[in-house]
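Peer 1: Structure: my_file10.cif, mmCIF, C-alpha atoms.
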data_model
loop_
_atom_site.label_atom_id
_atom_site.label_comp_id
_atom_site.auth_asym_id
_atom_site.auth_seq_id
_atom_site.Cartn_x
_atom_site.Cartn_y
_atom_site.Cartn_z
CA MET A 650 0.00 0.00 0.00
CA HIS A 651 2.68 2.51 1.02
CA ASP A 652 4.74 1.73 -2.08
CA ASP A 653 1.66 2.49 -4.20
CA VAL A 654 1.36 5.93 -2.55
CA LEU A 655 5.02 6.62 -3.27
CA GLN A 656 4.75 5.41 -6.89
CA GLU A 657 1.62 7.53 -7.42
CA LEU A 658 3.44 10.62 -6.12
CA ILE A 659 6.43 9.97 -8.42
CA HIS A 660 4.04 9.32 -11.33
CA LEU A 661 2.24 12.64 -10.74
CA PHE A 662 5.50 14.61 -10.52
CA SER A 663 6.75 13.01 -13.75
CA LYS A 664 3.71 14.49 -15.53
CA LEU A 665 5.07 18.02 -14.98
CA PRO A 666 6.76 19.56 -18.05
CA GLY A 667 10.47 18.75 -18.31
CA ILE A 668 10.35 16.24 -15.43
CA GLY A 669 11.16 12.61 -16.15
CA PRO A 670 10.83 9.61 -13.77
CA LYS A 671 14.38 10.11 -12.35
CA SER A 672 13.85 13.81 -11.59
CA ALA A 673 10.41 13.03 -10.17
CA SER A 674 11.94 10.42 -7.82
CA ARG A 675 14.56 12.92 -6.63
CA MET A 676 11.92 15.57 -5.99
CA VAL A 677 9.67 13.19 -4.05
CA LEU A 678 12.60 11.97 -1.91
CA PHE A 679 13.62 15.58 -1.25
CA LEU A 680 10.06 16.46 -0.19
CA LEU A 681 9.87 13.42 2.08
CA LYS A 682 13.12 14.46 3.79
CA ASN A 683 11.67 17.97 4.27
CA LYS A 684 8.07 17.26 5.25
CA GLU A 685 7.59 20.09 7.77
CA LYS A 686 9.58 22.77 5.91
CA LEU A 687 8.45 22.04 2.37
CA MET A 688 6.12 19.11 1.71
CA TYR A 689 3.23 20.15 3.95
CA PRO A 690 3.40 23.89 3.08
CA LEU A 691 3.60 22.96 -0.63
CA SER A 692 0.55 20.68 -0.43
CA ARG A 693 -1.44 23.36 1.44
CA SER A 694 -0.38 26.00 -1.09
CA LEU A 695 -1.32 23.80 -4.06
CA LEU A 696 -4.74 23.14 -2.56
CA SER A 697 -5.51 26.77 -1.75
CA ALA A 698 -4.19 27.98 -5.14
CA GLY A 699 -6.30 25.37 -6.94
CA GLU A 700 -9.40 26.63 -5.14
CA ALA A 701 -8.67 30.37 -5.34
CA ILE A 702 -7.30 30.84 -8.87
CA LYS A 703 -9.87 31.22 -11.64
CA LYS A 704 -9.88 32.10 -15.32
CA CYS A 705 -10.75 35.73 -16.16
CA LYS A 706 -14.04 35.69 -18.06
CA ASP A 707 -12.95 38.68 -20.16
CA CYS A 708 -9.44 37.74 -21.33
CA GLY A 709 -8.66 34.17 -20.22
CA ASN A 710 -5.83 35.19 -17.86
CA ILE A 711 -5.69 33.45 -14.48
CA ALA A 712 -6.28 35.41 -11.30
CA VAL A 713 -7.78 35.32 -7.83
CA LYS A 714 -9.92 38.43 -8.43
CA ILE A 715 -12.16 38.44 -11.52
CA PRO A 716 -11.95 40.46 -13.76
CA CYS A 717 -8.16 40.15 -13.54
CA ASN A 718 -5.94 43.09 -12.55
CA ILE A 719 -5.07 43.77 -16.23
CA CYS A 720 -8.69 43.95 -17.44
CA ASP A 721 -9.64 45.92 -14.33
CA ASN A 722 -6.79 48.45 -14.60
CA PRO A 723 -8.16 51.87 -15.72
CA LYS A 724 -4.68 52.88 -16.97
CA ARG A 725 -4.62 50.13 -19.64
CA ASP A 726 -5.42 51.06 -23.25
CA LYS A 727 -8.84 49.45 -23.76
CA SER A 728 -8.75 49.93 -27.54
CA VAL A 729 -5.94 47.40 -28.17
CA ILE A 730 -6.06 43.64 -27.58
CA CYS A 731 -2.97 41.47 -27.73
CA VAL A 732 -3.83 37.87 -28.60
CA VAL A 733 -1.60 35.15 -27.11
CA GLU A 734 -1.81 31.36 -27.02
CA ASP A 735 -1.19 30.73 -23.33
CA VAL A 736 -1.04 32.53 -19.98
CA SER A 737 2.76 31.97 -19.94
CA ASP A 738 2.97 34.12 -23.11
CA LEU A 739 0.93 36.86 -21.43
CA TRP A 740 3.32 36.77 -18.44
CA ALA A 741 6.36 36.95 -20.76
CA LEU A 742 4.95 40.03 -22.55
CA GLU A 743 3.95 41.70 -19.27
CA LYS A 744 7.50 41.27 -17.99
CA THR A 745 8.82 43.38 -20.90
CA GLY A 746 6.59 46.33 -19.91
CA SER A 747 6.25 47.18 -23.62
CA PHE A 748 2.48 46.58 -23.93
CA LYS A 749 -0.14 48.66 -22.12
CA GLY A 750 -3.36 47.34 -23.64
CA LEU A 751 -5.61 44.34 -22.94
CA TYR A 752 -4.99 40.65 -23.65
CA HIS A 753 -6.88 37.69 -25.00
CA VAL A 754 -5.62 34.18 -24.19
CA LEU A 755 -6.68 31.62 -26.81
CA GLY A 756 -5.77 28.56 -24.77
CA GLY A 757 -3.55 26.99 -27.45
CA SER A 758 -3.34 26.82 -31.23
CA LEU A 759 -5.22 24.97 -33.96
CA SER A 760 -3.86 21.49 -34.61
CA ALA A 761 -5.33 18.86 -36.93
CA LEU A 762 -2.98 16.22 -35.45
CA ASP A 763 -4.14 16.88 -31.88
CA ASN A 764 -7.78 17.43 -32.89
CA ILE A 765 -7.73 21.03 -31.64
CA THR A 766 -10.44 22.91 -33.55
CA PRO A 767 -11.59 26.56 -33.35
CA ASP A 768 -14.27 25.41 -30.86
CA ASP A 769 -11.53 24.29 -28.44
CA LEU A 770 -9.98 27.79 -28.40
CA LEU A 771 -11.39 31.16 -27.29
CA ILE A 772 -11.63 32.45 -30.87
CA GLU A 773 -15.38 33.20 -30.93
CA GLN A 774 -14.97 35.23 -27.71
CA LEU A 775 -12.20 37.22 -29.44
CA ILE A 776 -14.46 37.95 -32.42
CA LYS A 777 -17.20 39.12 -30.02
CA ARG A 778 -14.73 41.39 -28.19
CA ALA A 779 -13.49 42.82 -31.49
CA ASN A 780 -17.05 43.71 -32.47
CA SER A 781 -18.32 45.03 -29.16
CA GLU A 782 -15.61 46.79 -27.19
CA ASN A 783 -14.54 49.75 -29.39
CA ILE A 784 -11.36 47.90 -30.31
CA LYS A 785 -9.08 49.75 -32.75
CA GLU A 786 -6.28 47.17 -33.04
CA ILE A 787 -5.76 43.47 -32.45
CA ILE A 788 -2.13 42.36 -32.17
CA LEU A 789 -1.56 38.68 -32.89
CA ALA A 790 1.39 37.70 -30.68
CA LEU A 791 1.40 34.02 -31.52
CA ASN A 792 4.28 31.56 -31.58
CA SER A 793 6.22 31.04 -34.81
CA THR A 794 5.17 27.41 -35.28
CA VAL A 795 3.15 25.99 -38.18
CA ASN A 796 0.06 25.47 -35.95
CA SER A 797 0.34 29.01 -34.61
CA GLN A 798 0.56 30.47 -38.12
CA THR A 799 -2.52 28.42 -39.13
CA THR A 800 -4.30 29.90 -36.11
CA LEU A 801 -3.13 33.41 -37.08
CA HIS A 802 -4.56 33.03 -40.61
CA TYR A 803 -7.82 31.60 -39.28
CA ILE A 804 -8.29 34.53 -36.86
CA THR A 805 -7.34 37.07 -39.54
CA ASP A 806 -9.94 35.51 -41.84
CA LYS A 807 -12.60 35.66 -39.10
CA LEU A 808 -11.81 39.33 -38.34
CA ASN A 809 -12.01 40.32 -42.00
CA GLY A 810 -14.80 42.81 -42.49
CA THR A 811 -14.46 44.36 -39.04
CA ASN A 812 -13.04 47.87 -38.73
CA VAL A 813 -10.25 46.59 -36.50
CA LYS A 814 -6.64 46.98 -37.57
CA ILE A 815 -4.96 43.56 -37.35
CA THR A 816 -1.22 43.40 -36.75
CA LYS A 817 1.22 40.66 -35.81
CA ILE A 818 4.48 40.76 -33.91
CA ALA A 819 7.40 40.57 -36.26
CA GLN A 820 11.16 41.02 -36.24
CA GLY A 821 13.13 39.11 -33.69
CA MET A 822 10.78 36.15 -33.30
CA PRO A 823 12.71 33.22 -34.78
CA PHE A 824 10.63 30.66 -36.69
CA GLY A 825 9.74 27.71 -34.47
CA ALA A 826 10.19 29.74 -31.27
CA GLU A 827 7.72 29.90 -28.41
CA ILE A 828 7.06 33.29 -26.81
CA ASN A 829 7.70 32.25 -23.19
CA TYR A 830 11.24 31.07 -24.15
CA VAL A 831 12.25 34.26 -25.99
CA ASP A 832 14.28 36.88 -24.09
CA GLU A 833 12.71 40.22 -23.12
CA GLY A 834 14.79 42.34 -25.55
CA THR A 835 13.77 40.18 -28.53
CA LEU A 836 10.12 40.29 -27.44
CA THR A 837 10.16 44.08 -27.05
CA THR A 838 11.69 44.48 -30.54
CA ALA A 839 9.20 42.06 -32.06
CA PHE A 840 6.36 43.94 -30.42
CA LYS A 841 7.47 47.37 -31.61
CA ALA A 842 8.06 46.08 -35.16
CA ARG A 843 4.59 44.59 -35.57
CA LYS A 844 3.09 44.79 -39.08
CA PRO A 845 -0.40 44.63 -40.54
CA VAL A 846 -1.48 41.05 -41.36
#
Output the structure of this file as structure tokens.

Peer 2:
Amino acid sequence: MHDDVLQELIHLFSKLPGIGPKSASRMVLFLLKNKEKLMYPLSRSLLSAGEAIKKCKDCGNIAVKIPCNICDNPKRDKSVICVVEDVSDLWALEKTGSFKGLYHVLGGSLSALDNITPDDLLIEQLIKRANSENIKEIILALNSTVNSQTTLHYITDKLNGTNVKITKIAQGMPFGAEINYVDEGTLTTAFKARKPV
């Protein structure tokens, strides 16, 4: 029974990105050696974060208070929406300090191989926002992968006919790169050099 508990813990840790079975075993053993200092506080923190953190109904960001502090900030430019694939991309762009508008998190990119269709992403919500919130510009800050570019073209097609200027981040984003792995300087340059789609 106890071995099953241990194996389950190692199995769960190995599901985290970049963690294999060996790393997971090391982490679990480390936690077990540090129950009072780390294991129990970590488990309490995971539980309370899981209960408290929600998805912002406006933009898809995660936050404790809804709407999130970006959507709720009166100093943000409410006429510009930056579209990203994941919350990690939003965080990466926020860290640069180069964007002062609103965001829209799609929740991934279109993928025929993984059966991810437009219905699985928050694309319809983006179209609604573009039509109803006095939006002047939508910046597509998507990754430089084939799936992301397919998503970009799909969104551009859907936004055709609206009076919204559609731009995409450009220069500095190497093909195949993911936003949350690109350094801040490159991201800032890419953002400032955005072009119409």

Peer 1: So which residues get picked by the PyMOL selection byres ((chain A and resi 725) around 12) here, written as a list in words?

Peer 2: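 For this structure, the PyMOL selection byres ((chain A and resi 725) around 12) resolves to Asn718, Ile719, Cys720, Asp721, Asn722, Pro723, Lys724, Asp726, Lys727, Ser728, Val729, Ile730, Cys731, Gly746, Ser747, Phe748, Lys749, Gly750, Leu751 and Tyr752 of chain A.
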
Peer 1: Which is closer to Thr835 (chain A) than all the others in A:Leu680, A:Arg693, A:Leu742, A:Asn809, using all atoms listed in the file?

Peer 2: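 Between A:Leu680, A:Arg693, A:Leu742, A:Asn809, the residue approaching Thr835 (chain A) most closely is A:Leu742.
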
Peer 1: Please write as a tab-separated table (two decimals) with C-alpha atoms, in the frame of the given file the full residue list that the PyMOL selection byres ((chain A and resi 757) around 8) yields on this file.

Peer 2:
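Ended up saving to result-v7.tsv:
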chain	number	residue	atom	x	y	z
A	734	GLU	CA	-1.81	31.36	-27.02
A	735	ASP	CA	-1.19	30.73	-23.33
A	755	LEU	CA	-6.68	31.62	-26.81
A	756	GLY	CA	-5.77	28.56	-24.77
A	758	SER	CA	-3.34	26.82	-31.23
A	759	LEU	CA	-5.22	24.97	-33.96
A	770	LEU	CA	-9.98	27.79	-28.40

Peer 1: Can you work out the spacing between CA of Leu808 (chain A) and CA of Glu827 (chain A) in Å, to one decimal?

Peer 2: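 About the pair CA of Leu808 (chain A) and CA of Glu827 (chain A): they are 23.9 Å apart.
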
Peer 1: Would you mind telling me which residue in A:Ile788, A:Ile828, A:Met676, A:Met688 lies nearest to Leu661 (chain A) when using only C-alpha atoms?

Peer 2: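 Closest to Leu661 (chain A) of all the choices is A:Met676.
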
Peer 1: Step by step, gather every atom of region 803-813 of chain A that the file lists, find the box along x, y and z that holds them, add 5 Å on each side, and finally give centre and edge lengths in Å to one decimal, as lines of an AutoDock Vina configuration file.

Peer 2:
center_x = -11.1
center_y = 39.7
center_z = -39.5
size_x = 17.5
size_y = 26.3
size_z = 16.0

Peer 1: Determine, counting only C-alpha atoms, which protein, DNA and RNA residues have an atom within 12 Å of an atom of Ala779 (chain A); residues of the same chain fewer than 2 positions away are not included. Present the result as an NGL selection string.

Peer 2: :A and (727-732 or 751-753 or 772-777 or 781-788 or 804-805 or 807-815)

Peer 1: Could you state the separation of CA of His802 (chain A) and CA of Ile711 (chain A) in Å, given to one decimal place?

Peer 2: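 Distance reported for this atom pair: 26.2 Å.
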